>>> print(open('final-v4.pdb').read())   # PDB, C-alpha atoms and all ligand atoms
ATOM      1  CA  MET A   1     112.110  80.966  88.497
ATOM      2  CA  TYR A   2     110.878  77.387  88.159
ATOM      3  CA  PRO A   3     110.862  75.880  84.643
ATOM      4  CA  PHE A   4     107.760  76.284  82.474
ATOM      5  CA  THR A   5     106.638  75.980  78.882
ATOM      6  CA  LEU A   6     105.159  78.841  76.872
ATOM      7  CA  GLU A   7     102.254  78.751  74.417
ATOM      8  CA  ARG A   8     101.370  81.667  72.155
ATOM      9  CA  PRO A   9      97.854  81.151  70.778
ATOM     10  CA  THR A  10      96.630  83.536  68.104
ATOM     11  CA  SER A  11      92.918  82.767  68.415
ATOM     12  CA  SER A  12      90.563  83.112  71.354
ATOM     13  CA  ALA A  13      89.439  79.491  70.871
ATOM     14  CA  ASP A  14      92.996  78.197  71.285
ATOM     15  CA  ALA A  15      93.622  80.470  74.292
ATOM     16  CA  VAL A  16      90.451  79.233  76.004
ATOM     17  CA  LYS A  17      91.387  75.620  75.280
ATOM     18  CA  LEU A  18      94.909  76.002  76.678
ATOM     19  CA  ALA A  19      93.724  77.846  79.800
ATOM     20  CA  GLY A  20      90.958  75.281  80.294
ATOM     21  CA  ALA A  21      93.611  72.543  80.226
ATOM     22  CA  GLY A  22      95.505  74.225  83.071
ATOM     23  CA  GLY A  23      97.734  76.775  81.299
ATOM     24  CA  ARG A  24      98.235  79.987  83.291
ATOM     25  CA  PRO A  25      97.244  83.129  81.379
ATOM     26  CA  LEU A  26     100.060  85.617  80.827
ATOM     27  CA  ALA A  27      98.939  89.151  79.954
ATOM     28  CA  GLY A  28     101.407  92.017  80.490
ATOM     29  CA  GLY A  29     103.494  89.962  82.908
ATOM     30  CA  GLN A  30     103.988  92.955  85.214
ATOM     31  CA  THR A  31     102.754  91.020  88.221
ATOM     32  CA  LEU A  32     102.959  87.389  87.143
ATOM     33  CA  LEU A  33     106.546  87.306  85.885
ATOM     34  CA  ALA A  34     107.891  89.190  88.903
ATOM     35  CA  SER A  35     106.044  86.743  91.207
ATOM     36  CA  MET A  36     107.472  83.794  89.274
ATOM     37  CA  LYS A  37     111.005  85.207  89.430
ATOM     38  CA  LEU A  38     110.656  85.516  93.200
ATOM     39  CA  ARG A  39     109.264  81.963  93.301
ATOM     40  CA  LEU A  40     106.122  83.261  94.980
ATOM     41  CA  THR A  41     104.155  81.442  92.317
ATOM     42  CA  SER A  42     104.829  78.934  89.583
ATOM     43  CA  ALA A  43     103.183  77.603  86.440
ATOM     44  CA  ASP A  44     103.946  74.525  84.382
ATOM     45  CA  GLN A  45     102.700  76.318  81.303
ATOM     46  CA  LEU A  46     102.119  79.977  80.490
ATOM     47  CA  VAL A  47      99.572  80.956  77.854
ATOM     48  CA  ASP A  48     100.619  84.301  76.388
ATOM     49  CA  LEU A  49      97.401  86.133  75.427
ATOM     50  CA  SER A  50      99.129  88.922  73.496
ATOM     51  CA  GLY A  51      98.525  87.206  70.146
ATOM     52  CA  VAL A  52      94.733  87.157  70.622
ATOM     53  CA  LYS A  53      93.879  90.313  68.739
ATOM     54  CA  GLU A  54      90.112  90.136  69.358
ATOM     55  CA  TRP A  55      90.755  90.793  73.073
ATOM     56  CA  THR A  56      92.510  94.093  72.369
ATOM     57  CA  GLY A  57      90.872  97.417  71.603
ATOM     58  CA  ILE A  58      88.215  99.872  72.672
ATOM     59  CA  CYS A  59      84.775 100.516  71.207
ATOM     60  CA  ARG A  60      81.541 102.224  72.135
ATOM     61  CA  ASP A  61      78.500 100.027  72.574
ATOM     62  CA  GLY A  62      75.426 102.179  73.262
ATOM     63  CA  ASP A  63      75.797 103.720  76.717
ATOM     64  CA  ALA A  64      78.997 101.851  77.488
ATOM     65  CA  LEU A  65      82.658 101.663  76.513
ATOM     66  CA  VAL A  66      83.880  98.129  75.957
ATOM     67  CA  ILE A  67      87.591  97.604  76.503
ATOM     68  CA  GLY A  68      89.318  94.362  75.542
ATOM     69  CA  ALA A  69      91.087  92.511  78.329
ATOM     70  CA  MET A  70      94.472  92.710  76.567
ATOM     71  CA  THR A  71      94.303  96.484  76.093
ATOM     72  CA  ARG A  72      97.397  98.062  77.650
ATOM     73  CA  HIS A  73      97.134 100.816  80.247
ATOM     74  CA  ALA A  74      98.903 103.291  77.921
ATOM     75  CA  ASP A  75      96.326 102.657  75.183
ATOM     76  CA  VAL A  76      93.406 103.270  77.555
ATOM     77  CA  ALA A  77      95.093 106.474  78.763
ATOM     78  CA  SER A  78      95.545 107.882  75.260
ATOM     79  CA  HIS A  79      92.361 106.673  73.530
ATOM     80  CA  ALA A  80      90.191 109.515  72.196
ATOM     81  CA  ASP A  81      86.860 107.855  73.119
ATOM     82  CA  VAL A  82      87.978 107.077  76.669
ATOM     83  CA  LYS A  83      89.248 110.637  77.116
ATOM     84  CA  ALA A  84      85.985 112.061  75.776
ATOM     85  CA  LEU A  85      83.457 109.718  77.397
ATOM     86  CA  ILE A  86      85.060 108.538  80.664
ATOM     87  CA  PRO A  87      88.027 110.876  81.187
ATOM     88  CA  ALA A  88      88.416 109.603  84.760
ATOM     89  CA  LEU A  89      89.288 106.175  83.356
ATOM     90  CA  ALA A  90      91.920 107.610  81.005
ATOM     91  CA  ASP A  91      93.312 109.591  83.939
ATOM     92  CA  LEU A  92      93.449 106.455  86.120
ATOM     93  CA  ALA A  93      95.221 104.415  83.427
ATOM     94  CA  GLY A  94      97.689 107.229  82.743
ATOM     95  CA  ASN A  95      98.786 107.261  86.389
ATOM     96  CA  ILE A  96      99.373 103.544  86.874
ATOM     97  CA  GLY A  97     102.969 102.734  87.807
ATOM     98  CA  ASP A  98     105.546 104.040  85.373
ATOM     99  CA  ARG A  99     105.905 104.181  81.588
ATOM    100  CA  GLN A 100     107.062 100.577  81.279
ATOM    101  CA  VAL A 101     104.230  99.242  83.437
ATOM    102  CA  ARG A 102     101.710 101.230  81.389
ATOM    103  CA  ALA A 103     103.225  99.996  78.114
ATOM    104  CA  MET A 104     102.919  96.333  79.133
ATOM    105  CA  GLY A 105     100.224  96.027  81.821
ATOM    106  CA  THR A 106      96.684  95.198  80.726
ATOM    107  CA  LEU A 107      93.163  95.857  81.957
ATOM    108  CA  GLY A 108      92.340  92.148  82.156
ATOM    109  CA  GLY A 109      95.554  91.289  84.008
ATOM    110  CA  SER A 110      95.014  94.009  86.561
ATOM    111  CA  VAL A 111      91.374  93.123  87.226
ATOM    112  CA  ALA A 112      92.010  89.353  87.322
ATOM    113  CA  ASN A 113      94.877  89.920  89.745
ATOM    114  CA  ASN A 114      92.745  92.114  92.056
ATOM    115  CA  ASP A 115      95.670  93.525  94.025
ATOM    116  CA  PRO A 116      94.139  95.282  97.069
ATOM    117  CA  ALA A 117      96.014  98.478  96.131
ATOM    118  CA  ALA A 118      95.409  98.376  92.364
ATOM    119  CA  CYS A 119      93.640 101.229  90.589
ATOM    120  CA  TYR A 120      91.413  99.531  87.972
ATOM    121  CA  PRO A 121      89.237  97.515  90.397
ATOM    122  CA  SER A 122      87.956 100.802  91.859
ATOM    123  CA  ALA A 123      86.882 102.002  88.400
ATOM    124  CA  VAL A 124      85.228  98.674  87.603
ATOM    125  CA  LEU A 125      83.275  98.760  90.876
ATOM    126  CA  ALA A 126      82.374 102.473  90.929
ATOM    127  CA  LEU A 127      81.249 102.473  87.310
ATOM    128  CA  GLY A 128      79.184  99.315  87.834
ATOM    129  CA  ALA A 129      81.042  97.655  84.978
ATOM    130  CA  THR A 130      80.423  94.174  83.632
ATOM    131  CA  VAL A 131      83.292  91.710  83.325
ATOM    132  CA  HIS A 132      82.982  89.570  80.191
ATOM    133  CA  THR A 133      84.647  86.178  80.279
ATOM    134  CA  ASN A 134      84.855  83.361  77.755
ATOM    135  CA  SER A 135      81.780  81.796  79.365
ATOM    136  CA  ARG A 136      79.637  84.505  81.054
ATOM    137  CA  LYS A 137      79.161  88.115  82.123
ATOM    138  CA  ILE A 138      79.818  89.050  85.761
ATOM    139  CA  ALA A 139      78.545  92.250  87.399
ATOM    140  CA  ALA A 140      81.257  94.239  89.187
ATOM    141  CA  ASP A 141      79.379  93.902  92.482
ATOM    142  CA  ASP A 142      79.750  90.107  92.220
ATOM    143  CA  PHE A 143      83.287  89.998  90.853
ATOM    144  CA  PHE A 144      85.733  91.053  93.597
ATOM    145  CA  LYS A 145      85.987  88.505  96.400
ATOM    146  CA  GLY A 146      88.777  89.836  98.633
ATOM    147  CA  MET A 147      92.539  90.165  98.352
ATOM    148  CA  PHE A 148      93.835  88.675  95.055
ATOM    149  CA  SER A 149      90.545  86.825  94.756
ATOM    150  CA  THR A 150      87.753  87.098  92.182
ATOM    151  CA  ALA A 151      84.696  85.229  90.924
ATOM    152  CA  LEU A 152      86.751  83.759  88.053
ATOM    153  CA  GLN A 153      86.773  79.962  87.971
ATOM    154  CA  ASP A 154      89.923  77.975  87.166
ATOM    155  CA  GLY A 155      90.651  78.333  83.472
ATOM    156  CA  GLU A 156      88.121  81.147  82.960
ATOM    157  CA  LEU A 157      89.480  84.135  81.037
ATOM    158  CA  ILE A 158      88.437  87.787  81.056
ATOM    159  CA  THR A 159      87.851  88.805  77.456
ATOM    160  CA  ALA A 160      86.614  92.412  77.886
ATOM    161  CA  ILE A 161      85.084  94.821  80.377
ATOM    162  CA  SER A 162      82.079  96.986  79.626
ATOM    163  CA  PHE A 163      82.036 100.354  81.442
ATOM    164  CA  PRO A 164      78.744 102.317  81.579
ATOM    165  CA  ILE A 165      79.328 105.966  80.665
ATOM    166  CA  PRO A 166      78.601 108.096  83.745
ATOM    167  CA  LYS A 167      77.354 111.661  83.953
ATOM    168  CA  ARG A 168      80.512 112.557  85.862
ATOM    169  CA  ALA A 169      83.389 110.610  87.381
ATOM    170  CA  ALA A 170      86.786 111.157  88.924
ATOM    171  CA  TYR A 171      89.645 109.162  90.410
ATOM    172  CA  MET A 172      91.933 110.471  93.130
ATOM    173  CA  LYS A 173      94.926 108.387  94.154
ATOM    174  CA  PHE A 174      97.233 109.069  97.053
ATOM    175  CA  LYS A 175     100.287 107.183  95.772
ATOM    176  CA  GLN A 176     102.631 105.017  97.736
ATOM    177  CA  PRO A 177     105.682 106.911  96.472
ATOM    178  CA  ALA A 178     107.928 103.897  95.761
ATOM    179  CA  SER A 179     105.479 101.590  93.992
ATOM    180  CA  ARG A 180     102.908 104.187  92.864
ATOM    181  CA  PHE A 181     100.127 101.803  93.841
ATOM    182  CA  ALA A 182      97.308 103.430  95.810
ATOM    183  CA  MET A 183      97.844 104.029  99.513
ATOM    184  CA  VAL A 184      94.242 105.113  99.145
ATOM    185  CA  GLY A 185      92.429 105.615  95.861
ATOM    186  CA  VAL A 186      88.838 106.825  95.480
ATOM    187  CA  PHE A 187      86.869 106.415  92.262
ATOM    188  CA  LEU A 188      83.437 107.990  92.199
ATOM    189  CA  ALA A 189      80.856 108.012  89.447
ATOM    190  CA  GLN A 190      77.590 109.910  89.175
ATOM    191  CA  PHE A 191      74.689 108.381  87.230
ATOM    192  CA  ALA A 192      71.046 109.415  86.933
ATOM    193  CA  SER A 193      70.322 106.675  89.499
ATOM    194  CA  GLY A 194      72.828 108.000  92.066
ATOM    195  CA  VAL A 195      76.502 108.041  92.970
ATOM    196  CA  ARG A 196      78.777 105.012  93.387
ATOM    197  CA  VAL A 197      82.017 105.314  95.370
ATOM    198  CA  ALA A 198      84.712 102.624  95.364
ATOM    199  CA  ILE A 199      87.828 102.675  97.486
ATOM    200  CA  THR A 200      91.089 100.859  96.859
ATOM    201  CA  GLY A 201      94.293 100.553  98.876
ATOM    202  CA  ALA A 202      92.592 101.050 102.226
ATOM    203  CA  SER A 203      91.568  97.498 103.093
ATOM    204  CA  SER A 204      93.411  94.197 102.906
ATOM    205  CA  ASP A 205      90.118  92.756 101.649
ATOM    206  CA  GLY A 206      90.603  94.837  98.518
ATOM    207  CA  VAL A 207      88.309  97.267  96.800
ATOM    208  CA  PHE A 208      84.980  98.125  98.451
ATOM    209  CA  ARG A 209      82.039 100.495  98.058
ATOM    210  CA  HIS A 210      81.271 103.047 100.766
ATOM    211  CA  ALA A 211      77.542 103.246 101.495
ATOM    212  CA  GLY A 212      77.758 106.411 103.628
ATOM    213  CA  LEU A 213      79.610 108.380 100.976
ATOM    214  CA  GLU A 214      77.300 107.101  98.238
ATOM    215  CA  GLN A 215      74.214 108.166 100.189
ATOM    216  CA  ALA A 216      75.592 111.618 100.995
ATOM    217  CA  LEU A 217      76.820 112.299  97.455
ATOM    218  CA  SER A 218      73.632 110.998  95.851
ATOM    219  CA  ALA A 219      71.729 113.547  97.957
ATOM    220  CA  SER A 220      74.184 116.387  97.320
ATOM    221  CA  PHE A 221      77.120 116.063  94.930
ATOM    222  CA  THR A 222      79.413 118.454  96.784
ATOM    223  CA  ALA A 223      82.732 118.203  98.595
ATOM    224  CA  GLN A 224      80.954 119.467 101.727
ATOM    225  CA  ALA A 225      78.559 116.530 101.654
ATOM    226  CA  ALA A 226      81.533 114.127 101.463
ATOM    227  CA  ALA A 227      83.283 115.967 104.303
ATOM    228  CA  GLY A 228      80.219 115.406 106.510
ATOM    229  CA  VAL A 229      80.559 111.611 106.329
ATOM    230  CA  LYS A 230      82.462 110.032 109.197
ATOM    231  CA  ILE A 231      84.820 107.323 107.926
ATOM    232  CA  ASP A 232      85.200 104.372 110.284
ATOM    233  CA  ALA A 233      88.855 103.319 110.574
ATOM    234  CA  SER A 234      88.105  99.870 111.988
ATOM    235  CA  GLY A 235      89.109  97.147 109.573
ATOM    236  CA  LEU A 236      91.307  99.433 107.465
ATOM    237  CA  ASN A 237      94.938  98.583 106.681
ATOM    238  CA  GLN A 238      97.576  99.455 109.238
ATOM    239  CA  ASP A 239     101.173  99.066 108.034
ATOM    240  CA  ILE A 240     104.548 100.816 107.795
ATOM    241  CA  HIS A 241     103.128 103.245 105.241
ATOM    242  CA  ALA A 242     100.068 104.504 107.109
ATOM    243  CA  SER A 243      97.897 103.833 110.132
ATOM    244  CA  ALA A 244      94.233 102.894 109.809
ATOM    245  CA  ALA A 245      93.230 106.354 111.098
ATOM    246  CA  TYR A 246      95.441 108.020 108.480
ATOM    247  CA  ARG A 247      93.861 105.923 105.728
ATOM    248  CA  ALA A 248      90.369 106.765 107.005
ATOM    249  CA  ASN A 249      91.224 110.450 106.811
ATOM    250  CA  LEU A 250      92.654 109.938 103.312
ATOM    251  CA  ILE A 251      89.377 108.355 102.189
ATOM    252  CA  SER A 252      87.530 111.488 103.267
ATOM    253  CA  VAL A 253      90.042 113.932 101.788
ATOM    254  CA  GLN A 254      90.454 112.053  98.496
ATOM    255  CA  THR A 255      86.677 111.769  98.101
ATOM    256  CA  GLN A 256      86.275 115.520  98.584
ATOM    257  CA  ARG A 257      89.032 116.120  96.036
ATOM    258  CA  ALA A 258      87.442 113.665  93.611
ATOM    259  CA  VAL A 259      84.106 115.503  93.799
ATOM    260  CA  THR A 260      85.843 118.817  93.107
ATOM    261  CA  LYS A 261      87.711 117.218  90.182
ATOM    262  CA  ALA A 262      84.510 115.694  88.750
ATOM    263  CA  LEU A 263      82.749 119.069  88.908
ATOM    264  CA  ALA A 264      85.644 120.988  87.278
TER     265      ALA A 264
HETATM  266  C1  LIG B 301     106.482  98.846  89.399
HETATM  267  C2  LIG B 301     105.021  98.583  89.266
HETATM  268  C3  LIG B 301     104.127  99.589  89.593
HETATM  269  C4  LIG B 301     102.753  99.375  89.469
HETATM  270  N1  LIG B 301     101.896 100.373  89.809
HETATM  271  C5  LIG B 301     100.565 100.163  89.719
HETATM  272  C6  LIG B 301      99.641 101.183  90.041
HETATM  273  O1  LIG B 301     100.000 102.313  90.368
HETATM  274  N2  LIG B 301      98.322 100.901  89.961
HETATM  275  C7  LIG B 301      97.862  99.674  89.537
HETATM  276  O2  LIG B 301      96.662  99.485  89.468
HETATM  277  N3  LIG B 301      98.713  98.702  89.188
HETATM  278  C8  LIG B 301     100.048  98.915  89.259
HETATM  279  N4  LIG B 301     100.911  97.920  88.884
HETATM  280  C9  LIG B 301     100.371  96.650  88.390
HETATM  281  C10 LIG B 301     100.131  96.725  86.869
HETATM  282  O3  LIG B 301      98.975  97.513  86.653
HETATM  283  C11 LIG B 301      99.922  95.358  86.200
HETATM  284  O4  LIG B 301      99.593  95.633  84.911
HETATM  285  C12 LIG B 301      98.841  94.468  86.768
HETATM  286  O5  LIG B 301      99.045  94.188  88.106
HETATM  287  C13 LIG B 301      98.801  93.088  86.095
HETATM  288  O6  LIG B 301      98.498  93.217  84.767
HETATM  289  P1  LIG B 301      99.306  92.395  83.686
HETATM  290  O7  LIG B 301      98.636  92.647  82.402
HETATM  291  O8  LIG B 301     100.758  92.678  83.759
HETATM  292  O9  LIG B 301      98.991  90.891  84.140
HETATM  293  P2  LIG B 301      99.935  89.625  84.414
HETATM  294  O10 LIG B 301     100.999  89.988  85.364
HETATM  295  O11 LIG B 301     100.344  89.009  83.133
HETATM  296  O12 LIG B 301      98.854  88.677  85.115
HETATM  297  C14 LIG B 301      98.357  88.956  86.394
HETATM  298  C15 LIG B 301      97.411  87.830  86.837
HETATM  299  O13 LIG B 301      96.196  87.858  86.092
HETATM  300  C16 LIG B 301      96.011  86.636  85.370
HETATM  301  N5  LIG B 301      95.452  87.034  84.077
HETATM  302  C17 LIG B 301      96.015  87.884  83.172
HETATM  303  N6  LIG B 301      95.166  88.128  82.159
HETATM  304  C18 LIG B 301      94.035  87.418  82.426
HETATM  305  C19 LIG B 301      92.787  87.279  81.745
HETATM  306  N7  LIG B 301      92.522  87.928  80.599
HETATM  307  N8  LIG B 301      91.845  86.482  82.294
HETATM  308  C20 LIG B 301      92.088  85.842  83.473
HETATM  309  N9  LIG B 301      93.246  85.944  84.153
HETATM  310  C21 LIG B 301      94.211  86.725  83.642
HETATM  311  C22 LIG B 301      97.405  85.995  85.298
HETATM  312  O14 LIG B 301      97.352  84.602  85.163
HETATM  313  C23 LIG B 301      97.986  86.430  86.634
HETATM  314  O15 LIG B 301      97.511  85.589  87.661
HETATM  315  C24 LIG B 301     102.278  98.117  88.994
HETATM  316  C25 LIG B 301     103.186  97.110  88.644
HETATM  317  C26 LIG B 301     104.541  97.333  88.773
HETATM  318  C27 LIG B 301     105.493  96.238  88.370
END
>>> encode(input="final-v4.pdb", output="structure tokens")
Amino acid sequence: MYPFTLERPTSSADAVKLAGAGGRPLAGGQTLLASMKLRLTSADQLVDLSGVKEWTGICRDGDALVIGAMTRHADVASHADVKALIPALADLAGNIGDRQVRAMGTLGGSVANNDPAACYPSAVLALGATVHTNSRKIAADDFFKGMFSTALQDGELITAISFPIPKRAAYMKFKQPASRFAMVGVFLAQFASGVRVAITGASSDGVFRHAGLEQALSASFTAQAAAGVKIDASGLNQDIHASAAYRANLISVQTQRAVTKALA
């Protein structure tokens, strides 16, 4: 690890000021600290956001659930409103990594990091969520920009994410058994306006929506309708864990399972 200084602001104003001056935000540290220890990344100054209480917590706002950026995965998984209103989101959070990762990792850290195999980006995209930052609101469709890349500007901080409450939703993850990240994860959400399907783990470009599955499931919300959609393997990840064809098949199978789960 290269040397760095650590700041621990207790107000959002101080956190924004420090990040704006070049400090690197530190949330749960589950990705950032490991990367720093391996010297894959470095920071002259870390800005620990854990003291900013206004960025933690969950509340209902009309037809949406608003979750603070510093809310830990374990708290999303166990929160009564999340379990009642978007159970698929509680389920997703409860299956991230292991107990320690869920105790420390945060919604904002995961979404800002945009790992191509992370779970939360698929929920943000499928639910058509809005990412709130210290300076603006960004629609999910405009937020994810490819592997480890987002619409966030230097020094811009995620403060909360607003998730519209769907009619039905489900997340199905086929885990990479060692890391528990998604080899392929499918999050689908049904709204009055139609169905949105977001896939993680399958592409090195990161999370993406699948137009064919969305069209088929908007017309008929059944596992059979999903099974009828041919998934193109071109452009999908090919690595020691799975071939592109295997991942394409997983997208189909996990989508069918997600529909069955959402209807249960
Ligand atoms: C063993 C292991 C297994 C895991 N398994 C899974 C899994 O199954 N599914 C999954 O989705 N994830 C998994 N993760 C990742 C985990 O969910 C982390 O919580 C997540 O990657 C990063 O969140 P964090 O809060 O720890 O962020 P940090 O590591 O603190 O930060 C990550 C990045 O985001 C930036 N950042 C943090 N907060 C903000 C903010 N509010 N605004 C702007 N930028 C910010 C940081 O500067 C850094 O660049 C796993 C991690 C580990 C170590």
>>> residues_near_ligand(input="final-v4.pdb", ligand="ligand LIG 301 (chain B)", cutoff="7 Å", atoms="only C-alpha atoms and all ligand atoms", output="PyMOL selection string")
chain A and resi 24-33+69-70+95-98+101-102+104-110+112-113+115+117-120+156-159+179-182
>>> resolve_selection(input="final-v4.pdb", expression="the PyMOL selection byres (((chain A and resi 92) around 10) and not hetatm)", output="ChimeraX atom specification")
/A:73,76-77,87-91,93-96,119-120,122-123,170-173,185,187
>>> atom_distance(input="final-v4.pdb", atom1="atom CA of Ala242 of chain A", atom2="atom CA of Thr255 of chain A")
17.7 Å
>>> axis_aligned_box(input="final-v4.pdb", around="segment 60-79 of chain A", padding_each_side="8 Å", output="lines of an AutoDock Vina configuration file")
center_x = 87.2
center_y = 100.2
center_z = 76.2
size_x = 39.5
size_y = 31.4
size_z = 24.1
>>> atom_distance(input="final-v4.pdb", atom1="atom CA of Ala160 of chain A", atom2="atom CA of Ala198 of chain A")
20.3 Å
>>> residues_around(input="final-v4.pdb", residues="Ala225 of chain A", least_positions_apart="2", cutoff="12 Å", atoms="only C-alpha atoms", output="PyMOL selection string")
chain A and resi 212-223+227-230+252-253+255-257+259-260
>>> closest_residue(input="final-v4.pdb", among="A:Asn237, A:Gln153, A:Ser35, A:Pro9", to="Gly51 of chain A", atoms="only C-alpha atoms")
A:Pro9
>>> atom_distance(input="final-v4.pdb", atom1="atom CA of Ile67 of chain A", atom2="atom CA of Ile86 of chain A")
12.0 Å
>>> closest_residue(input="final-v4.pdb", among="A:Leu236, A:Val52, A:Val195, A:Val184", to="Gln254 of chain A", atoms="all atoms listed in the file")
A:Val184
>>> closest_residue(input="final-v4.pdb", among="A:Ala151, A:Ala126, A:Ala103, A:Lys53", to="Val186 of chain A", atoms="all atoms listed in the file")
A:Ala126
>>> closest_residue(input="final-v4.pdb", among="A:Phe174, A:Gly128, A:Asp232, A:Gly68", to="Ser193 of chain A", atoms="all atoms listed in the file")
A:Gly128
>>> resolve_selection(input="final-v4.pdb", expression="the PyMOL selection byres (((chain A and resi 10) around 12) and not hetatm)", output="NGL selection string")
:A and (7-9 or 11-18 or 47-55)
>>> write_last_selection(input="final-v4.pdb", atoms="C-alpha atoms", output="PDB file, in the coordinates of the input")
ATOM      1  CA  GLU A   7     102.254  78.751  74.417  1.00  0.00           C
ATOM      2  CA  ARG A   8     101.370  81.667  72.155  1.00  0.00           C
ATOM      3  CA  PRO A   9      97.854  81.151  70.778  1.00  0.00           C
ATOM      4  CA  SER A  11      92.918  82.767  68.415  1.00  0.00           C
ATOM      5  CA  SER A  12      90.563  83.112  71.354  1.00  0.00           C
ATOM      6  CA  ALA A  13      89.439  79.491  70.871  1.00  0.00           C
ATOM      7  CA  ASP A  14      92.996  78.197  71.285  1.00  0.00           C
ATOM      8  CA  ALA A  15      93.622  80.470  74.292  1.00  0.00           C
ATOM      9  CA  VAL A  16      90.451  79.233  76.004  1.00  0.00           C
ATOM     10  CA  LYS A  17      91.387  75.620  75.280  1.00  0.00           C
ATOM     11  CA  LEU A  18      94.909  76.002  76.678  1.00  0.00           C
ATOM     12  CA  VAL A  47      99.572  80.956  77.854  1.00  0.00           C
ATOM     13  CA  ASP A  48     100.619  84.301  76.388  1.00  0.00           C
ATOM     14  CA  LEU A  49      97.401  86.133  75.427  1.00  0.00           C
ATOM     15  CA  SER A  50      99.129  88.922  73.496  1.00  0.00           C
ATOM     16  CA  GLY A  51      98.525  87.206  70.146  1.00  0.00           C
ATOM     17  CA  VAL A  52      94.733  87.157  70.622  1.00  0.00           C
ATOM     18  CA  LYS A  53      93.879  90.313  68.739  1.00  0.00           C
ATOM     19  CA  GLU A  54      90.112  90.136  69.358  1.00  0.00           C
ATOM     20  CA  TRP A  55      90.755  90.793  73.073  1.00  0.00           C
TER      21      TRP A  55
END
>>> build_atoms(input="final-v4.pdb", residues="segment 35-52 of chain A", atoms="N, CA and C atoms", output="mmCIF file, in the frame of the given file")
data_model
loop_
_atom_site.group_PDB
_atom_site.id
_atom_site.type_symbol
_atom_site.label_atom_id
_atom_site.label_comp_id
_atom_site.auth_asym_id
_atom_site.auth_seq_id
_atom_site.Cartn_x
_atom_site.Cartn_y
_atom_site.Cartn_z
ATOM 1 N N SER A 35 106.376 87.733 90.158
ATOM 2 C CA SER A 35 106.044 86.743 91.207
ATOM 3 C C SER A 35 106.723 85.407 90.914
ATOM 4 N N MET A 36 106.809 85.063 89.634
ATOM 5 C CA MET A 36 107.472 83.794 89.274
ATOM 6 C C MET A 36 108.974 83.882 89.524
ATOM 7 N N LYS A 37 109.556 85.046 89.197
ATOM 8 C CA LYS A 37 111.005 85.207 89.430
ATOM 9 C C LYS A 37 111.338 85.087 90.911
ATOM 10 N N LEU A 38 110.442 85.586 91.742
ATOM 11 C CA LEU A 38 110.656 85.516 93.200
ATOM 12 C C LEU A 38 110.235 84.163 93.773
ATOM 13 N N ARG A 39 109.759 83.289 92.902
ATOM 14 C CA ARG A 39 109.264 81.963 93.301
ATOM 15 C C ARG A 39 108.103 82.047 94.299
ATOM 16 N N LEU A 40 107.342 83.140 94.174
ATOM 17 C CA LEU A 40 106.122 83.261 94.980
ATOM 18 C C LEU A 40 105.004 82.478 94.327
ATOM 19 N N THR A 41 105.137 82.251 93.031
ATOM 20 C CA THR A 41 104.155 81.442 92.317
ATOM 21 C C THR A 41 104.878 80.693 91.209
ATOM 22 N N SER A 42 104.213 79.686 90.680
ATOM 23 C CA SER A 42 104.829 78.934 89.583
ATOM 24 C C SER A 42 103.737 78.480 88.628
ATOM 25 N N ALA A 43 104.146 78.118 87.427
ATOM 26 C CA ALA A 43 103.183 77.603 86.440
ATOM 27 C C ALA A 43 103.932 76.602 85.575
ATOM 28 N N ASP A 44 103.294 75.481 85.284
ATOM 29 C CA ASP A 44 103.946 74.525 84.382
ATOM 30 C C ASP A 44 103.917 75.055 82.963
ATOM 31 N N GLN A 45 102.835 75.780 82.662
ATOM 32 C CA GLN A 45 102.700 76.318 81.303
ATOM 33 C C GLN A 45 102.090 77.714 81.356
ATOM 34 N N LEU A 46 102.708 78.636 80.640
ATOM 35 C CA LEU A 46 102.119 79.977 80.490
ATOM 36 C C LEU A 46 101.438 80.059 79.139
ATOM 37 N N VAL A 47 100.299 80.740 79.108
ATOM 38 C CA VAL A 47 99.572 80.956 77.854
ATOM 39 C C VAL A 47 99.575 82.458 77.588
ATOM 40 N N ASP A 48 100.460 82.872 76.706
ATOM 41 C CA ASP A 48 100.619 84.301 76.388
ATOM 42 C C ASP A 48 99.420 84.752 75.542
ATOM 43 N N LEU A 49 98.633 85.695 76.115
ATOM 44 C CA LEU A 49 97.401 86.133 75.427
ATOM 45 C C LEU A 49 97.645 87.274 74.438
ATOM 46 N N SER A 50 98.889 87.713 74.307
ATOM 47 C CA SER A 50 99.129 88.922 73.496
ATOM 48 C C SER A 50 98.859 88.721 72.002
ATOM 49 N N GLY A 51 98.801 87.459 71.560
ATOM 50 C CA GLY A 51 98.525 87.206 70.146
ATOM 51 C C GLY A 51 97.038 87.154 69.826
ATOM 52 N N VAL A 52 96.188 87.259 70.856
ATOM 53 C CA VAL A 52 94.733 87.157 70.622
ATOM 54 C C VAL A 52 94.197 88.559 70.366
#
